[in-house]
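Pasted below: target.cif, mmCIF, C-alpha atoms.
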```
data_model
loop_
_atom_site.label_atom_id
_atom_site.label_comp_id
_atom_site.auth_asym_id
_atom_site.auth_seq_id
_atom_site.Cartn_x
_atom_site.Cartn_y
_atom_site.Cartn_z
CA LEU D 18 -38.05 -24.31 53.39
CA GLY D 19 -35.80 -21.38 54.31
CA VAL D 20 -33.22 -22.42 51.69
CA ASN D 21 -35.94 -22.67 49.03
CA GLU D 22 -37.28 -19.22 49.90
CA ARG D 23 -33.79 -17.70 49.73
CA PHE D 24 -33.22 -19.41 46.37
CA ARG D 25 -36.54 -18.08 45.04
CA ASN D 26 -35.72 -14.57 46.29
CA ARG D 27 -32.35 -14.67 44.52
CA GLU D 28 -34.03 -15.97 41.38
CA ASN D 29 -36.58 -13.13 41.49
CA GLU D 30 -33.84 -10.55 42.05
CA GLY D 31 -31.94 -11.97 39.05
CA GLU D 32 -35.07 -11.75 36.87
CA LYS D 33 -35.70 -8.15 37.97
CA LYS D 34 -32.11 -7.16 37.16
CA LEU D 35 -32.40 -8.83 33.75
CA ILE D 36 -35.67 -6.96 33.08
CA ASN D 37 -34.05 -3.66 34.13
CA VAL D 38 -31.04 -4.28 31.86
CA ARG D 39 -33.36 -5.13 28.96
CA MET D 40 -35.48 -2.05 29.62
CA ILE D 41 -32.50 0.31 29.79
CA SER D 42 -31.00 -1.27 26.65
CA LEU D 43 -34.28 -0.93 24.75
CA MET D 44 -34.72 2.67 25.89
CA GLY D 45 -31.19 3.50 24.72
CA ILE D 46 -31.69 1.88 21.32
CA MET D 47 -35.13 3.45 20.84
CA SER D 48 -33.80 6.88 21.89
CA ALA D 49 -31.05 6.59 19.28
CA ILE D 50 -33.51 5.52 16.54
CA SER D 51 -35.98 8.24 17.54
CA THR D 52 -33.23 10.89 17.43
CA ILE D 53 -32.05 9.79 13.97
CA LEU D 54 -35.64 9.85 12.68
CA TYR D 55 -36.23 13.24 14.34
CA MET D 56 -33.15 14.87 12.86
CA PHE D 57 -32.90 13.30 9.41
CA VAL D 58 -36.11 11.54 8.32
CA LYS D 59 -38.69 14.21 7.53
CA PHE D 60 -40.36 15.53 4.43
CA PRO D 61 -42.84 18.30 3.55
CA LEU D 62 -46.07 18.00 1.58
CA PRO D 63 -45.86 21.48 0.00
CA MET D 64 -48.88 21.18 -2.27
CA LEU D 65 -51.16 20.51 0.70
CA PHE D 66 -49.50 22.16 3.70
CA PRO D 67 -47.16 25.08 4.48
CA ALA D 68 -43.54 24.34 3.56
CA PHE D 69 -42.34 24.54 7.18
CA LEU D 70 -44.55 21.64 8.30
CA ASP D 71 -42.58 18.39 7.94
CA ILE D 72 -44.04 14.90 8.17
CA GLN D 73 -41.88 12.98 10.64
CA VAL D 74 -42.33 9.68 12.43
CA SER D 75 -39.84 9.89 15.29
CA GLU D 76 -42.53 9.09 17.88
CA ILE D 77 -42.76 5.46 16.67
CA PRO D 78 -39.80 4.19 18.79
CA ALA D 79 -41.14 6.07 21.83
CA LEU D 80 -44.59 4.52 21.35
CA ILE D 81 -43.11 1.02 21.09
CA THR D 82 -41.16 1.68 24.32
CA SER D 83 -44.27 3.05 26.01
CA PHE D 84 -46.24 -0.08 25.06
CA ALA D 85 -43.41 -2.40 26.14
CA TYR D 86 -42.33 -0.81 29.44
CA GLY D 87 -44.89 1.84 30.31
CA PRO D 88 -45.48 5.56 29.80
CA ILE D 89 -42.44 6.77 31.78
CA ALA D 90 -40.08 4.76 29.58
CA GLY D 91 -41.72 6.16 26.44
CA ALA D 92 -41.54 9.68 27.85
CA ILE D 93 -37.81 9.27 28.55
CA VAL D 94 -37.24 8.41 24.87
CA ILE D 95 -39.05 11.62 23.83
CA VAL D 96 -37.04 13.72 26.32
CA ILE D 97 -33.69 12.23 25.20
CA ARG D 98 -34.63 12.78 21.53
CA CYS D 99 -35.33 16.47 22.15
CA LEU D 100 -32.27 17.02 24.36
CA ILE D 101 -29.91 15.57 21.74
CA LYS D 102 -31.51 17.81 19.07
CA LEU D 103 -31.18 21.04 21.11
CA PRO D 104 -27.57 21.91 20.10
CA PHE D 105 -28.65 21.68 16.43
CA THR D 106 -31.84 23.73 16.81
CA GLY D 107 -32.91 26.07 14.06
CA THR D 108 -35.75 27.54 16.12
CA ALA D 109 -33.97 28.87 19.24
CA CYS D 110 -35.21 25.69 21.04
CA VAL D 111 -38.85 26.76 20.73
CA GLY D 112 -39.65 24.12 18.10
CA GLU D 113 -38.04 21.44 20.26
CA LEU D 114 -40.08 22.60 23.27
CA ALA D 115 -43.29 22.28 21.26
CA ASP D 116 -42.19 18.87 19.92
CA LEU D 117 -41.46 17.78 23.49
CA LEU D 118 -44.95 18.74 24.69
CA ILE D 119 -46.62 17.15 21.66
CA GLY D 120 -44.52 13.97 21.90
CA LEU D 121 -45.22 13.54 25.61
CA SER D 122 -48.93 14.09 25.05
CA LEU D 123 -48.81 11.23 22.53
CA VAL D 124 -46.74 8.55 24.30
CA ILE D 125 -47.86 9.03 27.93
CA PRO D 126 -51.64 8.55 27.39
CA ALA D 127 -50.94 5.70 24.93
CA GLY D 128 -48.77 3.91 27.51
CA ILE D 129 -51.26 4.45 30.36
CA ILE D 130 -54.25 3.16 28.38
CA TYR D 131 -52.36 0.21 26.86
CA LYS D 132 -51.11 -0.84 30.31
CA ARG D 133 -54.74 -1.46 31.31
CA HIS D 134 -55.84 -3.01 27.99
CA LYS D 135 -53.01 -5.14 26.61
CA SER D 136 -54.47 -6.29 23.31
CA LEU D 137 -54.51 -5.20 19.68
CA LYS D 138 -57.79 -3.37 20.31
CA GLY D 139 -56.25 -1.74 23.37
CA ALA D 140 -53.22 -0.63 21.34
CA LEU D 141 -55.40 0.83 18.58
CA ALA D 142 -57.73 2.55 21.04
CA SER D 143 -54.84 3.93 23.09
CA PHE D 144 -53.18 5.31 19.96
CA ALA D 145 -56.42 6.85 18.65
CA ILE D 146 -57.05 8.60 21.98
CA SER D 147 -53.46 9.74 22.46
CA ALA D 148 -53.21 10.96 18.83
CA SER D 149 -56.34 13.05 19.42
CA ILE D 150 -54.81 14.51 22.59
CA ALA D 151 -51.51 15.22 20.79
CA THR D 152 -53.38 16.93 17.93
CA VAL D 153 -55.14 19.26 20.39
CA VAL D 154 -51.81 19.98 22.13
CA ALA D 155 -50.26 20.72 18.71
CA LEU D 156 -53.04 23.20 17.91
CA VAL D 157 -52.60 24.96 21.26
CA ALA D 158 -48.78 24.96 20.94
CA ASN D 159 -49.01 26.51 17.46
CA TRP D 160 -51.58 29.06 18.59
CA LEU D 161 -49.83 30.19 21.79
CA ILE D 162 -46.14 29.42 21.20
CA LEU D 163 -44.94 28.63 17.69
CA ILE D 164 -46.76 31.04 15.37
CA PRO D 165 -46.34 34.09 17.67
CA PHE D 166 -42.65 33.19 18.12
CA TYR D 167 -41.98 32.81 14.38
CA ILE D 168 -43.79 36.06 13.56
CA ASP D 169 -41.86 38.05 16.19
CA PHE D 170 -38.45 36.34 16.08
CA TYR D 171 -38.04 35.45 12.41
CA PHE D 172 -40.37 37.84 10.59
CA GLY D 173 -39.90 40.99 12.70
CA GLY D 174 -43.57 41.13 13.67
CA SER D 175 -44.86 40.90 10.07
CA ILE D 176 -47.19 38.08 9.10
CA ASN D 177 -46.59 38.50 5.34
CA PRO D 178 -43.74 35.94 5.17
CA LEU D 179 -46.00 33.45 6.94
CA LEU D 180 -48.85 34.14 4.52
CA SER D 181 -46.54 33.62 1.54
CA MET D 182 -45.72 30.09 2.76
CA MET D 183 -49.35 29.00 2.86
CA PRO D 184 -50.95 27.05 0.00
CA ALA D 185 -53.06 29.34 -2.21
CA PHE D 186 -56.23 27.28 -1.81
CA LEU D 187 -56.44 28.24 1.89
CA HIS D 188 -57.29 31.89 1.01
CA ILE D 189 -55.45 33.10 4.09
CA ASN D 190 -55.08 36.80 4.90
CA GLU D 191 -54.13 39.13 7.75
CA SER D 192 -57.52 38.96 9.43
CA ASN D 193 -58.06 35.20 9.38
CA TYR D 194 -54.52 33.77 9.34
CA MET D 195 -54.53 32.13 12.78
CA ALA D 196 -57.86 30.31 12.44
CA VAL D 197 -57.17 29.28 8.84
CA TYR D 198 -53.66 28.08 9.66
CA LEU D 199 -54.78 26.11 12.73
CA PHE D 200 -57.85 24.44 11.25
CA GLY D 201 -57.08 24.53 7.53
CA ALA D 202 -53.42 23.48 7.71
CA ASN D 203 -52.21 22.34 11.13
CA LEU D 204 -55.19 20.15 12.04
CA PRO D 205 -55.28 18.13 8.77
CA PHE D 206 -51.47 17.96 8.76
CA ASN D 207 -51.44 16.32 12.21
CA ILE D 208 -54.21 13.93 11.20
CA VAL D 209 -52.13 12.80 8.20
CA ARG D 210 -49.01 12.54 10.33
CA TYR D 211 -50.63 10.43 13.02
CA VAL D 212 -52.25 8.14 10.47
CA LEU D 213 -48.71 7.45 9.16
CA VAL D 214 -47.32 7.01 12.70
CA GLY D 215 -50.23 4.74 13.65
#
```
The structure in this file should be written as structure tokens.
Amino acid sequence: LGVNERFRNRENEGEKKLINVRMISLMGIMSAISTILYMFVKFPLPMLFPAFLDIQVSEIPALITSFAYGPIAGAIVIVIRCLIKLPFTGTACVGELADLLIGLSLVIPAGIIYKRHKSLKGALASFAISASIATVVALVANWLILIPFYIDFYFGGSINPLLSMMPAFLHINESNYMAVYLFGANLPFNIVRYVLVG
């Protein structure tokens, strides 16, 4: 009996090590794919949204990792993606910070919910909820971090360059620019983006 127990314990330890190796390997591969997508695979929809908003799908590998190995694993993919991008930043790291917050708010809730409901319905529900959370985080990040930063850092405190990048149909001006940008451009942009990611 003692020999059998020791054999089972060794077998379990071997399985755990194999799972850990698989998990680390998957996280490394998914981090690499996510980084490539984050840095190179993006495109604007200039007729519908401001030119500086790019559709990108780099959260897909992190979501797959989060579903496979849990929310912490998915979060690590997002963190690695953003850290690798930092030396190539064009936004003084502020854009990457916002992308980090938005990415984490997408993959962590999705992983937590899916862990409790492992089915296709659970995956769809977890993504719908986490995409809603990420959209709210994106609105708050744009309101409190990104737009004020761009106006001060890039445009010298003037909002005119920002207004010139907005589609004409939004009828944006100096008095309504924040509300119109957030709910007329950023909100529908994130809905489109997460439909593509989903």
* the PyMOL selection byres ((chain D and resi 82) around 9) applied to the shown file, residues as JSON, numbers by chain -> {"D": [40, 43, 44, 47, 77, 78, 79, 80, 81, 83, 84, 85, 86, 87, 88, 90, 91, 92, 94, 124, 128]}
* I need the residue set behind the PyMOL selection byres ((chain D and resi 54-63) around 10) for this file; please write it as a ChimeraX atom specification. => /D:48-53,64-78,98-99,101-102,105-106,116,182-184,206
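From atom CA of D:Ser136 back to atom CA of D:Asn37, the distance works out to 23.3 Å.
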* **From D:Ala145, D:Ile97, D:Leu156, D:Leu123, residue lying nearest D:Ala202 [all atoms listed in the file]** => D:Leu156
* Asked: When distances are computed from all atoms listed in the file, which of D:Ile95, D:Val111, D:Ala142, D:Ala151 shows the smallest separation from D:Phe166?
  ->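 Closest residue, counting all atoms listed in the file: D:Val111.
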* To do: Quick one: apply the PyMOL selection byres ((chain D and resi 148) around 10) to the file and drop the selected residues here as a VMD selection string.
  => chain D and resid 119 to 120 122 to 124 126 to 127 142 to 147 149 to 154 207 to 208 210 to 212 214 to 215
* **Point-to-point distance in Å for atom CA of D:Ala115 and atom CA of D:Leu163** =>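 Separation of atom CA of D:Leu163 and atom CA of D:Ala115: 7.5 Å.
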* Asked: If you measure from atom CA of D:Val197 to atom CA of D:Ala155, what distance in Å do you get, rounded to one decimal?
  ->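 Separation of atom CA of D:Val197 and atom CA of D:Ala155: 14.8 Å.
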* Nearest to D:Leu118, chosen from D:Val96, D:Val209, D:Ile89, D:Ile189, with all atoms listed in the file counted in the distances -> D:Val96
Find the nearest atom pair between each residue of stretch 39-141 of chain D and stretch 167-175 of chain D for residues within 12 Å, count only C-alpha atoms, give distances in Å to one decimal, sort rows by chain and ascending number, and present the table as JSON lines.
```
{"residue": "D:Phe69", "atom": "CA", "partner": "D:Tyr167", "partner_atom": "CA", "distance": 11.0}
{"residue": "D:Gly107", "atom": "CA", "partner": "D:Tyr171", "partner_atom": "CA", "distance": 10.8}
{"residue": "D:Thr108", "atom": "CA", "partner": "D:Tyr167", "partner_atom": "CA", "distance": 8.3}
{"residue": "D:Ala109", "atom": "CA", "partner": "D:Phe170", "partner_atom": "CA", "distance": 9.3}
{"residue": "D:Cys110", "atom": "CA", "partner": "D:Tyr167", "partner_atom": "CA", "distance": 11.9}
{"residue": "D:Val111", "atom": "CA", "partner": "D:Tyr167", "partner_atom": "CA", "distance": 9.3}
{"residue": "D:Gly112", "atom": "CA", "partner": "D:Tyr167", "partner_atom": "CA", "distance": 9.7}
```
Would you kindly place all heavy atoms on stretch 97-108 of chain D and return the model as a PDB file, in the frame of the given file?
```
ATOM      1  N   ILE D  97     -35.060  12.413  25.705  1.00  0.00           N
ATOM      2  CA  ILE D  97     -33.690  12.230  25.200  1.00  0.00           C
ATOM      3  C   ILE D  97     -33.598  12.705  23.748  1.00  0.00           C
ATOM      4  O   ILE D  97     -32.652  13.403  23.368  1.00  0.00           O
ATOM      5  CB  ILE D  97     -33.252  10.756  25.337  1.00  0.00           C
ATOM      6  CG1 ILE D  97     -33.062  10.408  26.815  1.00  0.00           C
ATOM      7  CG2 ILE D  97     -31.964  10.496  24.553  1.00  0.00           C
ATOM      8  CD1 ILE D  97     -32.841   8.938  27.082  1.00  0.00           C
ATOM      9  N   ARG D  98     -34.588  12.345  22.940  1.00  0.00           N
ATOM     10  CA  ARG D  98     -34.630  12.780  21.530  1.00  0.00           C
ATOM     11  C   ARG D  98     -34.531  14.300  21.418  1.00  0.00           C
ATOM     12  O   ARG D  98     -33.748  14.828  20.633  1.00  0.00           O
ATOM     13  CB  ARG D  98     -35.925  12.283  20.900  1.00  0.00           C
ATOM     14  CG  ARG D  98     -36.178  12.731  19.494  1.00  0.00           C
ATOM     15  CD  ARG D  98     -37.640  12.606  19.110  1.00  0.00           C
ATOM     16  NE  ARG D  98     -38.444  13.671  19.673  1.00  0.00           N
ATOM     17  CZ  ARG D  98     -39.718  13.889  19.359  1.00  0.00           C
ATOM     18  NH1 ARG D  98     -40.335  13.092  18.508  1.00  0.00           N
ATOM     19  NH2 ARG D  98     -40.393  14.880  19.895  1.00  0.00           N
ATOM     20  N   CYS D  99     -35.314  14.997  22.222  1.00  0.00           N
ATOM     21  CA  CYS D  99     -35.330  16.470  22.150  1.00  0.00           C
ATOM     22  C   CYS D  99     -34.047  17.073  22.712  1.00  0.00           C
ATOM     23  O   CYS D  99     -33.542  18.061  22.171  1.00  0.00           O
ATOM     24  CB  CYS D  99     -36.556  17.008  22.887  1.00  0.00           C
ATOM     25  SG  CYS D  99     -38.107  16.637  22.023  1.00  0.00           S
ATOM     26  N   LEU D 100     -33.513  16.499  23.782  1.00  0.00           N
ATOM     27  CA  LEU D 100     -32.270  17.020  24.360  1.00  0.00           C
ATOM     28  C   LEU D 100     -31.094  16.891  23.396  1.00  0.00           C
ATOM     29  O   LEU D 100     -30.280  17.814  23.271  1.00  0.00           O
ATOM     30  CB  LEU D 100     -31.948  16.301  25.677  1.00  0.00           C
ATOM     31  CG  LEU D 100     -32.822  16.648  26.884  1.00  0.00           C
ATOM     32  CD1 LEU D 100     -32.466  15.775  28.079  1.00  0.00           C
ATOM     33  CD2 LEU D 100     -32.696  18.122  27.249  1.00  0.00           C
ATOM     34  N   ILE D 101     -31.005  15.754  22.698  1.00  0.00           N
ATOM     35  CA  ILE D 101     -29.910  15.570  21.740  1.00  0.00           C
ATOM     36  C   ILE D 101     -30.037  16.551  20.579  1.00  0.00           C
ATOM     37  O   ILE D 101     -29.043  17.048  20.052  1.00  0.00           O
ATOM     38  CB  ILE D 101     -29.888  14.110  21.227  1.00  0.00           C
ATOM     39  CG1 ILE D 101     -29.498  13.165  22.373  1.00  0.00           C
ATOM     40  CG2 ILE D 101     -28.914  13.951  20.061  1.00  0.00           C
ATOM     41  CD1 ILE D 101     -29.622  11.692  22.041  1.00  0.00           C
ATOM     42  N   LYS D 102     -31.273  16.893  20.202  1.00  0.00           N
ATOM     43  CA  LYS D 102     -31.510  17.810  19.070  1.00  0.00           C
ATOM     44  C   LYS D 102     -31.213  19.263  19.425  1.00  0.00           C
ATOM     45  O   LYS D 102     -30.898  20.068  18.540  1.00  0.00           O
ATOM     46  CB  LYS D 102     -32.960  17.647  18.619  1.00  0.00           C
ATOM     47  CG  LYS D 102     -33.444  18.607  17.557  1.00  0.00           C
ATOM     48  CD  LYS D 102     -32.870  18.312  16.196  1.00  0.00           C
ATOM     49  CE  LYS D 102     -33.623  19.016  15.068  1.00  0.00           C
ATOM     50  NZ  LYS D 102     -33.890  20.416  15.261  1.00  0.00           N
ATOM     51  N   LEU D 103     -31.292  19.632  20.715  1.00  0.00           N
ATOM     52  CA  LEU D 103     -31.180  21.040  21.110  1.00  0.00           C
ATOM     53  C   LEU D 103     -29.945  21.762  20.569  1.00  0.00           C
ATOM     54  O   LEU D 103     -30.062  22.894  20.084  1.00  0.00           O
ATOM     55  CB  LEU D 103     -31.226  21.175  22.643  1.00  0.00           C
ATOM     56  CG  LEU D 103     -32.596  21.065  23.300  1.00  0.00           C
ATOM     57  CD1 LEU D 103     -32.488  21.235  24.796  1.00  0.00           C
ATOM     58  CD2 LEU D 103     -33.570  22.090  22.722  1.00  0.00           C
ATOM     59  N   PRO D 104     -28.739  21.175  20.624  1.00  0.00           N
ATOM     60  CA  PRO D 104     -27.570  21.910  20.100  1.00  0.00           C
ATOM     61  C   PRO D 104     -27.654  22.205  18.601  1.00  0.00           C
ATOM     62  O   PRO D 104     -26.942  23.066  18.102  1.00  0.00           O
ATOM     63  CB  PRO D 104     -26.398  20.953  20.386  1.00  0.00           C
ATOM     64  CG  PRO D 104     -26.885  20.040  21.459  1.00  0.00           C
ATOM     65  CD  PRO D 104     -28.352  19.904  21.243  1.00  0.00           C
ATOM     66  N   PHE D 105     -28.530  21.497  17.881  1.00  0.00           N
ATOM     67  CA  PHE D 105     -28.650  21.680  16.430  1.00  0.00           C
ATOM     68  C   PHE D 105     -29.938  22.428  16.065  1.00  0.00           C
ATOM     69  O   PHE D 105     -30.350  22.415  14.908  1.00  0.00           O
ATOM     70  CB  PHE D 105     -28.633  20.316  15.733  1.00  0.00           C
ATOM     71  CG  PHE D 105     -27.482  19.445  16.158  1.00  0.00           C
ATOM     72  CD1 PHE D 105     -27.667  18.442  17.105  1.00  0.00           C
ATOM     73  CD2 PHE D 105     -26.211  19.651  15.654  1.00  0.00           C
ATOM     74  CE1 PHE D 105     -26.607  17.638  17.508  1.00  0.00           C
ATOM     75  CE2 PHE D 105     -25.144  18.860  16.054  1.00  0.00           C
ATOM     76  CZ  PHE D 105     -25.341  17.854  16.982  1.00  0.00           C
ATOM     77  N   THR D 106     -30.553  23.074  17.035  1.00  0.00           N
ATOM     78  CA  THR D 106     -31.840  23.730  16.810  1.00  0.00           C
ATOM     79  C   THR D 106     -31.744  24.832  15.764  1.00  0.00           C
ATOM     80  O   THR D 106     -30.742  25.537  15.680  1.00  0.00           O
ATOM     81  CB  THR D 106     -32.393  24.299  18.130  1.00  0.00           C
ATOM     82  OG1 THR D 106     -33.695  24.847  17.886  1.00  0.00           O
ATOM     83  CG2 THR D 106     -31.481  25.393  18.681  1.00  0.00           C
ATOM     84  N   GLY D 107     -32.798  24.953  14.997  1.00  0.00           N
ATOM     85  CA  GLY D 107     -32.910  26.070  14.060  1.00  0.00           C
ATOM     86  C   GLY D 107     -34.032  27.003  14.468  1.00  0.00           C
ATOM     87  O   GLY D 107     -34.395  27.911  13.721  1.00  0.00           O
ATOM     88  N   THR D 108     -34.590  26.765  15.677  1.00  0.00           N
ATOM     89  CA  THR D 108     -35.750  27.540  16.120  1.00  0.00           C
ATOM     90  C   THR D 108     -35.553  28.148  17.507  1.00  0.00           C
ATOM     91  O   THR D 108     -36.527  28.403  18.208  1.00  0.00           O
ATOM     92  CB  THR D 108     -37.012  26.652  16.149  1.00  0.00           C
ATOM     93  OG1 THR D 108     -36.805  25.596  17.105  1.00  0.00           O
ATOM     94  CG2 THR D 108     -37.310  26.055  14.792  1.00  0.00           C
TER      95      THR D 108
END
```
